[in-house]
Each structure stands twice: as C-alpha cells, then as structure tokens.
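coords-v3.txt follows; it contains compact mmCIF, C-alpha atoms and all ligand atoms.
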```txt
# COMPACT_ATOMS: atom_id res chain seq x y z
CA MET N 1 10.81 28.92 89.66
CA LYS N 2 10.12 28.56 85.91
CA LEU N 3 7.20 26.50 84.60
CA GLY N 4 6.05 25.81 81.05
CA ILE N 5 2.32 25.49 80.39
CA ILE N 6 1.30 23.29 77.47
CA GLY N 7 -2.15 24.48 76.37
CA GLY N 8 -3.20 28.11 76.80
CA GLY N 9 -6.94 27.53 77.06
CA ALA N 10 -9.36 28.27 79.89
CA TRP N 11 -7.50 26.28 82.55
CA GLY N 12 -3.86 26.56 81.47
CA THR N 13 -3.99 30.35 81.20
CA THR N 14 -5.79 30.59 84.55
CA LEU N 15 -3.17 28.44 86.29
CA GLY N 16 -0.52 30.69 84.72
CA GLN N 17 -1.99 33.63 86.60
CA THR N 18 -1.96 31.66 89.87
CA LEU N 19 1.67 30.69 89.37
CA ILE N 20 2.59 34.34 88.76
CA ASP N 21 0.58 35.33 91.87
CA ASN N 22 2.77 32.82 93.73
CA GLY N 23 6.00 34.42 92.47
CA HIS N 24 6.86 31.99 89.65
CA GLU N 25 7.71 32.63 86.00
CA VAL N 26 5.60 31.01 83.29
CA LEU N 27 5.62 30.61 79.53
CA ILE N 28 2.57 29.15 77.78
CA TYR N 29 2.60 27.11 74.57
CA ASP N 30 -0.48 26.75 72.38
CA PHE N 31 -0.81 25.85 68.70
CA ASN N 32 -3.71 28.26 68.39
CA ILE N 33 -2.16 31.58 67.37
CA HIS N 34 -5.31 33.49 68.41
CA ALA N 35 -4.97 32.23 71.98
CA VAL N 36 -1.24 33.09 71.94
CA ASN N 37 -1.90 36.61 70.65
CA LYS N 38 -4.59 37.28 73.24
CA ILE N 39 -2.39 36.13 76.10
CA ASN N 40 0.45 38.32 74.82
CA GLN N 41 -2.00 41.25 74.83
CA HIS N 42 -2.58 40.36 78.52
CA LEU N 43 -6.11 39.14 77.86
CA HIS N 44 -7.47 35.76 78.88
CA PRO N 45 -8.42 33.86 75.67
CA PHE N 46 -11.83 32.85 77.08
CA PHE N 47 -12.71 35.12 79.97
CA ASP N 48 -13.11 38.85 80.23
CA THR N 49 -10.03 39.16 82.43
CA VAL N 50 -6.80 41.13 82.22
CA LEU N 51 -3.79 38.88 82.82
CA PRO N 52 -0.57 39.76 84.66
CA GLU N 53 1.97 41.61 82.45
CA SER N 54 4.50 38.82 82.85
CA GLU N 55 2.15 36.05 81.58
CA LYS N 56 3.46 35.32 78.08
CA ALA N 57 2.71 32.75 75.38
CA THR N 58 4.36 31.27 72.31
CA SER N 59 3.28 29.07 69.41
CA ASN N 60 6.76 27.53 69.30
CA LEU N 61 6.95 24.46 71.55
CA LYS N 62 10.76 24.64 71.67
CA ASP N 63 10.59 28.04 73.41
CA VAL N 64 8.75 26.41 76.33
CA ILE N 65 11.02 23.36 76.40
CA ASP N 66 14.07 25.63 76.61
CA PHE N 67 12.38 27.86 79.21
CA ALA N 68 11.65 25.25 81.90
CA ASN N 69 11.83 21.63 82.96
CA TYR N 70 8.48 21.63 84.80
CA TYR N 71 5.62 21.28 82.35
CA ILE N 72 1.92 21.65 83.07
CA LEU N 73 -0.16 19.61 80.61
CA SER N 74 -3.41 21.50 80.03
CA VAL N 75 -4.40 20.35 76.56
CA PRO N 76 -7.46 18.08 76.12
CA THR N 77 -6.71 14.42 76.92
CA LYS N 78 -7.14 13.45 73.25
CA ALA N 79 -4.18 15.75 72.38
CA VAL N 80 -1.86 14.66 75.21
CA ARG N 81 -0.12 11.79 73.40
CA SER N 82 0.70 13.76 70.24
CA VAL N 83 1.96 16.75 72.27
CA LEU N 84 4.15 14.45 74.40
CA LYS N 85 5.67 12.91 71.27
CA GLU N 86 6.57 16.42 70.05
CA MET N 87 7.96 17.32 73.48
CA ASN N 88 10.03 14.17 73.75
CA ALA N 89 11.77 15.01 70.48
CA LEU N 90 12.84 18.38 71.95
CA ILE N 91 13.52 17.66 75.63
CA ASN N 92 17.16 17.27 76.64
CA LYS N 93 16.95 17.44 80.45
CA LYS N 94 15.18 15.67 83.34
CA SER N 95 11.65 17.02 83.39
CA THR N 96 8.61 16.92 85.65
CA PHE N 97 5.11 16.63 84.19
CA ILE N 98 2.13 18.09 86.04
CA ASN N 99 -1.09 17.02 84.36
CA VAL N 100 -4.26 19.04 84.85
CA SER N 101 -6.36 17.54 82.05
CA LYS N 102 -9.15 15.18 83.09
CA GLY N 103 -9.84 12.15 80.98
CA ILE N 104 -8.68 8.77 79.78
CA GLU N 105 -7.51 7.94 76.28
CA PRO N 106 -10.49 6.22 74.58
CA GLU N 107 -8.38 4.09 72.19
CA THR N 108 -6.10 2.64 74.87
CA LEU N 109 -8.09 3.27 78.11
CA LYS N 110 -4.86 4.69 79.55
CA ARG N 111 -4.50 7.43 82.14
CA VAL N 112 -2.31 10.46 81.36
CA SER N 113 0.40 9.22 83.76
CA GLU N 114 0.64 6.01 81.71
CA ILE N 115 0.80 7.97 78.45
CA VAL N 116 3.63 10.11 79.86
CA GLU N 117 5.56 6.97 80.84
CA GLU N 118 5.11 5.59 77.33
CA GLU N 119 6.01 8.76 75.43
CA ILE N 120 8.78 10.43 77.46
CA SER N 121 12.19 8.74 77.45
CA LYS N 122 13.19 7.39 80.85
CA GLU N 123 16.35 9.51 81.00
CA HIS N 124 14.26 12.70 80.65
CA LEU N 125 11.40 11.79 83.00
CA ASN N 126 11.89 13.09 86.53
CA GLY N 127 8.33 12.35 87.63
CA PHE N 128 4.61 12.82 87.20
CA VAL N 129 2.00 14.63 89.26
CA VAL N 130 -1.71 15.11 88.64
CA LEU N 131 -3.21 18.34 89.98
CA THR N 132 -6.95 17.91 90.17
CA GLY N 133 -10.09 18.67 92.18
CA PRO N 134 -13.19 20.90 92.08
CA SER N 135 -12.03 23.91 90.08
CA HIS N 136 -13.95 25.99 87.59
CA ALA N 137 -11.39 28.17 85.81
CA GLU N 138 -14.04 30.95 85.82
CA GLU N 139 -13.68 31.16 89.61
CA VAL N 140 -9.92 30.63 89.94
CA ILE N 141 -9.27 33.44 87.42
CA ILE N 142 -11.06 35.86 89.79
CA ARG N 143 -9.16 34.33 92.70
CA GLN N 144 -12.08 32.64 94.43
CA LEU N 145 -11.37 30.01 97.07
CA THR N 146 -10.44 26.65 95.57
CA LEU N 147 -9.00 23.41 97.00
CA LEU N 148 -7.03 20.99 94.84
CA VAL N 149 -5.08 17.74 95.25
CA SER N 150 -1.52 17.15 94.06
CA SER N 151 -1.12 13.40 93.58
CA SER N 152 1.94 11.39 92.66
CA LYS N 153 3.47 8.00 93.39
CA ASP N 154 6.37 10.13 94.66
CA LEU N 155 5.11 11.93 97.80
CA GLY N 156 8.08 14.33 97.74
CA LEU N 157 7.13 15.48 94.24
CA ALA N 158 3.44 15.82 95.22
CA GLN N 159 4.55 18.02 98.13
CA GLU N 160 6.75 20.11 95.85
CA VAL N 161 3.80 20.78 93.50
CA GLN N 162 1.57 21.43 96.55
CA LYS N 163 3.92 24.25 97.59
CA ILE N 164 4.23 25.66 94.05
CA PHE N 165 0.47 26.14 93.67
CA SER N 166 -0.72 26.89 97.24
CA ASN N 167 -1.11 30.43 98.49
CA ASP N 168 -2.76 32.06 101.49
CA GLN N 169 -5.22 34.05 99.37
CA TYR N 170 -7.39 31.57 97.45
CA LEU N 171 -5.69 28.28 96.59
CA ARG N 172 -4.96 25.41 98.99
CA VAL N 173 -3.51 22.14 97.73
CA TYR N 174 -3.58 18.77 99.54
CA THR N 175 -1.35 15.83 98.65
CA SER N 176 -2.20 12.23 97.83
CA THR N 177 -0.23 9.20 96.73
CA ASP N 178 -3.30 7.52 95.19
CA LEU N 179 -2.53 8.53 91.62
CA ILE N 180 -4.95 5.98 90.14
CA GLY N 181 -7.84 7.15 92.33
CA CYS N 182 -7.20 10.81 91.56
CA GLU N 183 -6.83 10.29 87.80
CA PHE N 184 -9.96 8.17 87.49
CA GLY N 185 -12.00 10.42 89.82
CA GLY N 186 -11.30 13.45 87.62
CA ALA N 187 -12.19 11.54 84.47
CA VAL N 188 -15.35 9.72 85.57
CA LYS N 189 -16.93 12.80 87.16
CA ASN N 190 -17.02 14.51 83.73
CA ALA N 191 -19.06 11.60 82.36
CA ILE N 192 -21.49 11.84 85.28
CA ALA N 193 -21.74 15.62 84.75
CA VAL N 194 -22.90 14.98 81.17
CA ILE N 195 -25.59 12.63 82.53
CA SER N 196 -26.64 15.17 85.16
CA GLY N 197 -26.94 17.84 82.45
CA ALA N 198 -28.96 15.43 80.30
CA CYS N 199 -31.48 15.03 83.15
CA THR N 200 -31.91 18.80 83.31
CA GLY N 201 -32.23 18.94 79.51
CA MET N 202 -34.98 16.31 79.72
CA GLY N 203 -36.87 18.49 82.18
CA LEU N 204 -36.16 16.36 85.27
CA GLY N 205 -35.79 18.14 88.62
CA GLU N 206 -33.46 18.40 91.58
CA ASN N 207 -34.48 14.99 92.94
CA ALA N 208 -33.09 13.47 89.76
CA ARG N 209 -29.90 15.53 89.96
CA ALA N 210 -29.27 14.41 93.56
CA ALA N 211 -29.89 10.82 92.50
CA VAL N 212 -27.45 11.05 89.57
CA ILE N 213 -24.74 12.64 91.72
CA THR N 214 -25.16 10.03 94.47
CA ARG N 215 -25.34 7.03 92.18
CA GLY N 216 -22.56 8.69 90.14
CA ILE N 217 -20.22 8.51 93.10
CA ILE N 218 -20.97 4.77 93.27
CA GLU N 219 -19.90 4.43 89.63
CA ILE N 220 -16.72 6.41 90.40
CA VAL N 221 -16.00 4.12 93.38
CA ARG N 222 -16.47 1.00 91.23
CA VAL N 223 -14.05 2.27 88.56
CA VAL N 224 -11.46 3.50 91.07
CA GLU N 225 -11.50 0.24 93.08
CA MET N 226 -11.44 -2.04 90.04
CA MET N 227 -8.53 -0.13 88.52
CA GLY N 228 -6.45 -0.31 91.71
CA GLY N 229 -7.19 3.05 93.36
CA LYS N 230 -8.44 3.66 96.90
CA ARG N 231 -12.12 3.88 97.67
CA ASP N 232 -11.50 6.78 100.11
CA THR N 233 -10.08 8.90 97.29
CA ALA N 234 -13.45 8.77 95.53
CA PHE N 235 -15.00 10.39 98.61
CA GLY N 236 -12.49 13.26 98.63
CA LEU N 237 -11.94 16.43 96.61
CA THR N 238 -10.93 14.61 93.42
CA GLY N 239 -14.02 12.37 93.44
CA ILE N 240 -17.17 13.59 95.11
CA GLY N 241 -15.82 17.15 95.40
CA ASP N 242 -15.21 17.49 91.69
CA LEU N 243 -18.42 15.60 90.93
CA ILE N 244 -20.54 18.07 92.94
CA VAL N 245 -19.04 21.13 91.27
CA THR N 246 -19.30 19.74 87.75
CA ALA N 247 -22.58 17.87 87.92
CA SER N 248 -24.55 20.67 89.55
CA SER N 249 -23.29 23.71 87.69
CA GLU N 250 -24.58 25.41 84.57
CA ASN N 251 -20.98 26.76 84.24
CA SER N 252 -19.66 23.29 83.45
CA ARG N 253 -19.12 22.55 79.76
CA ASN N 254 -19.83 18.88 80.40
CA PHE N 255 -23.10 19.72 82.15
CA LYS N 256 -24.05 22.08 79.29
CA ALA N 257 -23.23 19.41 76.68
CA GLY N 258 -25.37 16.92 78.62
CA LYS N 259 -28.24 19.40 78.76
CA LYS N 260 -28.19 19.61 74.96
CA ILE N 261 -28.15 15.80 74.72
CA GLY N 262 -31.20 15.75 77.01
CA GLN N 263 -32.91 18.23 74.70
CA GLY N 264 -32.27 15.88 71.78
CA MET N 265 -29.40 17.68 70.03
CA PRO N 266 -27.15 15.36 67.97
CA ILE N 267 -23.58 14.94 69.27
CA ASP N 268 -22.01 16.30 66.06
CA GLN N 269 -23.95 19.52 66.48
CA ILE N 270 -22.90 19.79 70.13
CA TYR N 271 -19.22 19.49 69.17
CA ALA N 272 -19.70 22.00 66.33
CA GLU N 273 -21.30 24.55 68.66
CA GLN N 274 -18.81 24.11 71.53
CA LYS N 275 -15.28 24.68 70.28
CA GLN N 276 -13.71 24.26 73.71
CA THR N 277 -12.85 20.93 75.27
CA ILE N 278 -15.75 18.69 76.38
CA GLU N 279 -14.00 15.73 78.00
CA GLY N 280 -17.14 14.02 79.35
CA ILE N 281 -18.59 12.68 76.08
CA ARG N 282 -15.35 10.95 75.06
CA THR N 283 -14.92 9.73 78.62
CA ILE N 284 -18.35 8.05 78.45
CA GLU N 285 -17.09 6.15 75.38
CA ALA N 286 -13.87 5.16 77.15
CA LEU N 287 -15.68 4.09 80.33
CA HIS N 288 -18.12 1.98 78.35
CA GLN N 289 -15.11 0.06 76.95
CA LEU N 290 -13.54 -0.12 80.40
CA SER N 291 -16.76 -1.54 81.89
CA LYS N 292 -16.76 -4.30 79.26
CA VAL N 293 -13.07 -5.16 79.61
CA TYR N 294 -13.04 -5.14 83.43
CA HIS N 295 -16.68 -6.16 84.04
CA ILE N 296 -17.55 -3.02 86.00
CA ASP N 297 -21.25 -2.36 86.57
CA LEU N 298 -21.78 1.22 85.30
CA PRO N 299 -25.50 1.44 84.46
CA MET N 300 -25.78 5.21 84.00
CA ILE N 301 -22.62 5.49 81.94
CA ASN N 302 -23.59 2.57 79.72
CA VAL N 303 -27.06 3.99 79.02
CA ALA N 304 -25.45 7.37 78.24
CA TYR N 305 -23.13 5.57 75.82
CA GLU N 306 -26.10 4.07 73.97
CA ILE N 307 -27.64 7.53 73.62
CA ILE N 308 -24.39 8.98 72.27
CA GLN N 309 -24.18 6.11 69.77
CA ASN N 310 -27.81 6.76 68.70
CA LYS N 311 -28.78 3.27 69.86
CA LEU N 312 -31.23 4.65 72.40
CA THR N 313 -33.28 7.84 72.56
CA VAL N 314 -33.32 9.99 75.68
CA GLU N 315 -36.99 9.04 76.12
CA GLU N 316 -36.04 5.34 76.20
CA ALA N 317 -33.17 5.88 78.65
CA LEU N 318 -35.17 6.32 81.85
CA PRO N 319 -37.39 3.23 81.46
CA LYS N 320 -34.25 1.24 80.67
CA LEU N 321 -32.56 2.33 83.90
CA LEU N 322 -35.68 2.10 86.05
CA SER N 323 -36.67 -1.38 84.88
CA ARG N 324 -33.43 -2.95 86.09
CA ASP N 325 -33.72 -5.43 88.97
CA LEU N 326 -34.67 -3.69 92.22
CA LYS N 327 -31.75 -3.67 94.68
CA SER N 328 -30.58 -2.68 98.14
CA GLU N 329 -28.49 0.48 98.47
CA ASP N 330 -26.08 -1.33 100.83
CA PHE N 331 -22.56 -1.65 99.52
N1 LIG W 401 -11.82 24.77 82.28
C1 LIG W 401 -11.76 24.36 83.53
O1 LIG W 401 -12.40 24.96 84.42
C2 LIG W 401 -10.92 23.18 83.89
C3 LIG W 401 -10.62 22.96 85.24
C4 LIG W 401 -9.85 21.84 85.59
C5 LIG W 401 -9.41 20.98 84.60
N2 LIG W 401 -9.72 21.22 83.30
C6 LIG W 401 -9.21 20.26 82.31
O2 LIG W 401 -8.13 20.87 81.62
C7 LIG W 401 -8.09 20.39 80.27
C8 LIG W 401 -8.10 21.60 79.35
O3 LIG W 401 -9.33 22.25 79.58
P1 LIG W 401 -9.58 23.75 79.14
O4 LIG W 401 -10.85 24.13 79.77
O5 LIG W 401 -8.40 24.61 79.37
O6 LIG W 401 -9.80 23.53 77.57
P2 LIG W 401 -9.71 24.60 76.41
O7 LIG W 401 -10.38 23.99 75.24
O8 LIG W 401 -10.18 25.92 76.91
O9 LIG W 401 -8.14 24.74 76.14
C9 LIG W 401 -7.33 23.72 75.60
C10 LIG W 401 -6.20 24.42 74.85
O10 LIG W 401 -5.33 23.41 74.36
C11 LIG W 401 -4.91 23.81 73.07
N3 LIG W 401 -4.50 22.62 72.33
C12 LIG W 401 -5.29 21.57 71.94
N4 LIG W 401 -4.55 20.65 71.29
C13 LIG W 401 -3.28 21.14 71.26
C14 LIG W 401 -2.07 20.66 70.71
N5 LIG W 401 -2.02 19.48 70.07
N6 LIG W 401 -0.96 21.41 70.84
C15 LIG W 401 -1.02 22.61 71.49
N7 LIG W 401 -2.13 23.13 72.03
C16 LIG W 401 -3.25 22.38 71.91
C17 LIG W 401 -6.13 24.49 72.46
O11 LIG W 401 -5.76 25.35 71.37
C18 LIG W 401 -6.70 25.24 73.65
O12 LIG W 401 -6.21 26.55 73.72
C19 LIG W 401 -9.31 19.47 80.10
O13 LIG W 401 -8.91 18.14 80.25
C20 LIG W 401 -10.23 19.87 81.24
O14 LIG W 401 -11.03 18.79 81.68
C21 LIG W 401 -10.44 22.30 82.92
```

Kindly present the structure from the file in structure tokens form.
Amino acid sequence: MKLGIIGGGAWGTTLGQTLIDNGHEVLIYDFNIHAVNKINQHLHPFFDTVLPESEKATSNLKDVIDFANYYILSVPTKAVRSVLKEMNALINKKSTFINVSKGIEPETLKRVSEIVEEEISKEHLNGFVVLTGPSHAEEVIIRQLTLLVSSSKDLGLAQEVQKIFSNDQYLRVYTSTDLIGCEFGGAVKNAIAVISGACTGMGLGENARAAVITRGIIEIVRVVEMMGGKRDTAFGLTGIGDLIVTASSENSRNFKAGKKIGQGMPIDQIYAEQKQTIEGIRTIEALHQLSKVYHIDLPMINVAYEIIQNKLTVEEALPKLLSRDLKSEDF
C-alpha cells in the first residue's frame, strides 16, 4: 500500500520506517529542504539512524498527493490547517487522513479531526483516524516495543489503520471509536508534561512528579468528559499511558521545555533554543481558553498559563496551588 507522510520531522520520518518495515511504500513531504535532503541520503533528520533505502522525501506537496490517497499528518498542530488548505487545492480523489500530531488549535480550540472536516472538501474526504499513544520517536526508530491506538468514528477505518501499522516485532495497535477522548488525551498530556518538567526545573522531587502525573490525569478526565469523550479512554494508552511516558521522561521535548520554565527561562528563549515542535506550551494556552469557555476546573494548567503569560513567577505558583480550598480526593 502507498502512504504519503506530511511532515518529515522526528515522528513522521520514524513512522515512515515502520511502514516500510511493514511492507508499504511511503513518500514524505516537508517544506524544510534540509530535512528532505537528509532523508534522501537515507539519514534520519534528527536521530543518528540510517533509514531504509526506499524511504524518500520531496519538498513538492503535489508529488505526495499524486503518490497516495492515505496521508499521515505529522506536522505540528499549528501548521495543520495551512497544510490542509494546500492539500485540498491539489487533491482530486477520495482520501484518508491519519493524524499523528498532538494538540488543539489555540485560536479555535478545535481538534485536528474538526480542522480536517473544515478544510477538506466532502467529496475528497474518505475518513479520519488519529494514531496516538505513548511513543517516543527515539525508541520507535530503533524498533523498541510500542503500543498505539488507532481511533476513528468509523471502526472499519480504525481497524484498517491498525493493520497497516501493527507488526509482530515491535508495534502493536489497538482500536478505539472514542475519537474525542483520544484526541484530547494526546493534547492535554503534553501540557501536563510541561508542568511536570517545571517541577523538576524548580528542584522538586519524585513525590511532586507523582502528584502532578496523578492530578494531571484528573485534569485530562475533566477535559475529555466535558468535551464529550469517554472517561475510560483517559485511563488507557492515549491518556494515562501517554502521560506517564511524556511527564516522566527527560527525552520528552515538553518535559525539557517545562524544566527550563521551572529554572526561570523566558518562553521566547525556550522557543529560540528548541527548533523542533513543543506542542505543550501552546496547548496550555488553548486549554486555559477551553477551561474558561466550558467551565472546566484545571488548576495546574491555569497556573501554568499564568506563568507562561508572565503573570505569575514559578516561585508564586506553588503557594497559589497549595492555598486552594482543601478537598477530598473522591471523584
Ligand atoms: N517526536 C515524537 O516522539 C512524537 C511522537 C508522537 C507524536 N508526536 C507529534 O507529532 C507532531 C510532530 O512532531 P515531531 O516530533 O515530528 O516534530 P518535528 O518538529 O520534529 O517535525 C515537524 C516537521 O514538520 C515540518 N513542517 C512544519 N510545518 C510545515 C508545513 N507548513 N509544511 C510542511 N512541513 C512542515 C517541519 O519542517 C518538521 O520537519 C507533534 O504534534 C508531536 O506532538 C511526536
């Protein structure tokens, strides 16, 4: 089967290797010519890994549109809408969109599935799947065991994507029809990972990290339930699973960005130093809006938002959280 990958960064290029391992053909599109050249030299653009000979890239979007009608969206969430507009102008056949980016659009508070529905003409949209779960590209590229979830409103399509990506060596994919739960789980966990990193940056210990992860899952549950997803999804791979891997790992870009926030580094400097995608900071901004619009109680995310906006220092954050009314842990 032929699949086009939109975004040849850490994750897109890694998934390309998996698809080739599974016997598929891939072509990657990226607007960054350096990434394209590296892939075409069989080198991963971010990791010290040699890629399969047949993994190829182009900086011409039309090449990928002509190559396939299954597209994997692996650009940062902030770029998804503009890329989809460009794709829609070129697509002339029914196409399936498999999103692997994790975030919500801050300006509209929309999930990627909603953006796809808005930007791709109905006659060209076959369906949408999100492929998500605990997955550091650094591990998948060296074929280490990873479990993902393929979620779609269309179970048949979720099962098709499950088969495309699963293999008996290192990747196992489950299905879900709770698209809302899976999309929000993947987005909110990045915000919590930033907060977990900030605790480490502030010099707090493992007690604090366990507390952030556990109370973080409560914030994920509140968002998922309020937005129409299933509570159980938050306790699966796409919620707590992805939260554990991201919020407890120095490998995570969101955790690393949070650590710098905790050490007092300004956000502009963090973005300048980290050229690759950091979804969590923008997701904190989006979730802060979401909490206001839908009246969702997200204390950690809202304090993190105030820090990002320079309305609160990291030193003031803890007393602010700890001085809230004392409560029961019962749901
Ligand atoms: N890195 C991981 O381990 C991992 C795992 C699972 C999910 N994700 C998610 O996948 C998404 C991408 O992450 P990544 O780590 O690959 O990021 P990345 O920064 O390494 O790669 C993103 C790529 O998209 C390209 N790009 C950006 N805007 C574009 C545009 N308008 N047109 C064409 N190309 C464009 C960039 O040039 C870059 O090569 C994020 O939402 C992230 O949360 C990442």

Checklist line | Separation of CA of Ile261 (chain N) from CA of Met227 (chain N), in Å and rounded to one decimal | finding: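 The value is 28.8 Å.
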
Taking a cut-off of 8 Å and counting all atoms listed in the file, can you build a table that, for each residue of region 165-273 of chain N near region 305-319 of chain N, reports the nearest atom pair and how far apart they are in Å (one decimal), sorted by chain then residue number, as CSV?
```
residue,atom,partner,partner_atom,distance
N:Met202,CA,N:Val314,CA,7.7
N:Ile261,CA,N:Val314,CA,7.8
N:Gly262,CA,N:Val314,CA,6.3
N:Gly264,CA,N:Val314,CA,7.1
N:Ile267,CA,N:Ile308,CA,6.7
```

Next item on the list: May I ask which of the residues N:Gly4, N:Gly186, N:Pro266, N:Gly181 is the closest one to Phe67 (chain N), counting all atoms listed in the file?
Entry: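 Answer, going by the shortest atom-to-atom distance: N:Gly4.
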
Margin query: Taking only C-alpha atoms and all ligand atoms into account, list the residues no farther than 6 Å from ligand LIG 401 (chain W), as a list in words.
Written below: Gly7, Gly8, Gly9, Ala10, Trp11, Gly12, Asp30, Phe31, Asn32, Ser74, Val75, Pro76, Thr77, Ala79, Val83, Val100, Ser101, Lys102, Ser135, His136, Ala137, Gln276, Thr277 and Glu279 of chain N

The selected residues should be written to file as an mmCIF file, in the coordinates of the input (atoms: C-alpha atoms).
```cif
data_model
loop_
_atom_site.group_PDB
_atom_site.id
_atom_site.type_symbol
_atom_site.label_atom_id
_atom_site.label_comp_id
_atom_site.auth_asym_id
_atom_site.auth_seq_id
_atom_site.Cartn_x
_atom_site.Cartn_y
_atom_site.Cartn_z
ATOM 1 C CA GLY N 7 -2.150 24.480 76.370
ATOM 2 C CA GLY N 8 -3.200 28.110 76.800
ATOM 3 C CA GLY N 9 -6.940 27.530 77.060
ATOM 4 C CA ALA N 10 -9.360 28.270 79.890
ATOM 5 C CA TRP N 11 -7.500 26.280 82.550
ATOM 6 C CA GLY N 12 -3.860 26.560 81.470
ATOM 7 C CA ASP N 30 -0.480 26.750 72.380
ATOM 8 C CA PHE N 31 -0.810 25.850 68.700
ATOM 9 C CA ASN N 32 -3.710 28.260 68.390
ATOM 10 C CA SER N 74 -3.410 21.500 80.030
ATOM 11 C CA VAL N 75 -4.400 20.350 76.560
ATOM 12 C CA PRO N 76 -7.460 18.080 76.120
ATOM 13 C CA THR N 77 -6.710 14.420 76.920
ATOM 14 C CA ALA N 79 -4.180 15.750 72.380
ATOM 15 C CA VAL N 83 1.960 16.750 72.270
ATOM 16 C CA VAL N 100 -4.260 19.040 84.850
ATOM 17 C CA SER N 101 -6.360 17.540 82.050
ATOM 18 C CA LYS N 102 -9.150 15.180 83.090
ATOM 19 C CA SER N 135 -12.030 23.910 90.080
ATOM 20 C CA HIS N 136 -13.950 25.990 87.590
ATOM 21 C CA ALA N 137 -11.390 28.170 85.810
ATOM 22 C CA GLN N 276 -13.710 24.260 73.710
ATOM 23 C CA THR N 277 -12.850 20.930 75.270
ATOM 24 C CA GLU N 279 -14.000 15.730 78.000
#
```

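What separates CA of Lys56 (chain N) from CA of Ser151 (chain N) is a distance of 27.2 Å.
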
Checklist line | Point (-5.8, 3.9, 77.5), cut-off 12 Å, counting all atoms listed in the file, residues as number ranges by chain | finding: N: 77-78, 80-81, 103-116, 118, 184, 283, 285-287, 289-290, 293

Notebook entry, point to check: Separation of CA of Pro134 (chain N) and CA of Phe97 (chain N), in Å?
Noted result: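 Between these atoms lies a distance of 20.4 Å.
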
Margin query: Env of Arg209 (chain N): 9 Å cut, atoms = only C-alpha atoms, seq-sep filter 2 positions within chain, self excluded. Answer as a ChimeraX atom specification.
Written below: /N:196-197,199-200,204-207,211-214,247-248

Next item on the list: Determine the nearest neighbour of Asp242 (chain N) from the options N:Ile278, N:Ile120, N:Ala57, N:Ala193, counting only C-alpha atoms.
Entry: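 Residue with the minimum atom-to-atom distance to Asp242 (chain N): N:Ala193.
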
Next item on the list: Go through N:Arg222, N:Arg282, N:Lys189, N:His34 and flag the residue nearest Phe255 (chain N), using all atoms listed in the file for the distances.
Entry: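 Nearest to Phe255 (chain N): N:Lys189.
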
Checklist line | Proximity to Ser95 (chain N) - best of N:Thr49, N:Leu3, N:Lys163, N:Glu139, all atoms listed in the file | finding: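 Closest to Ser95 (chain N) of all the choices is N:Leu3.
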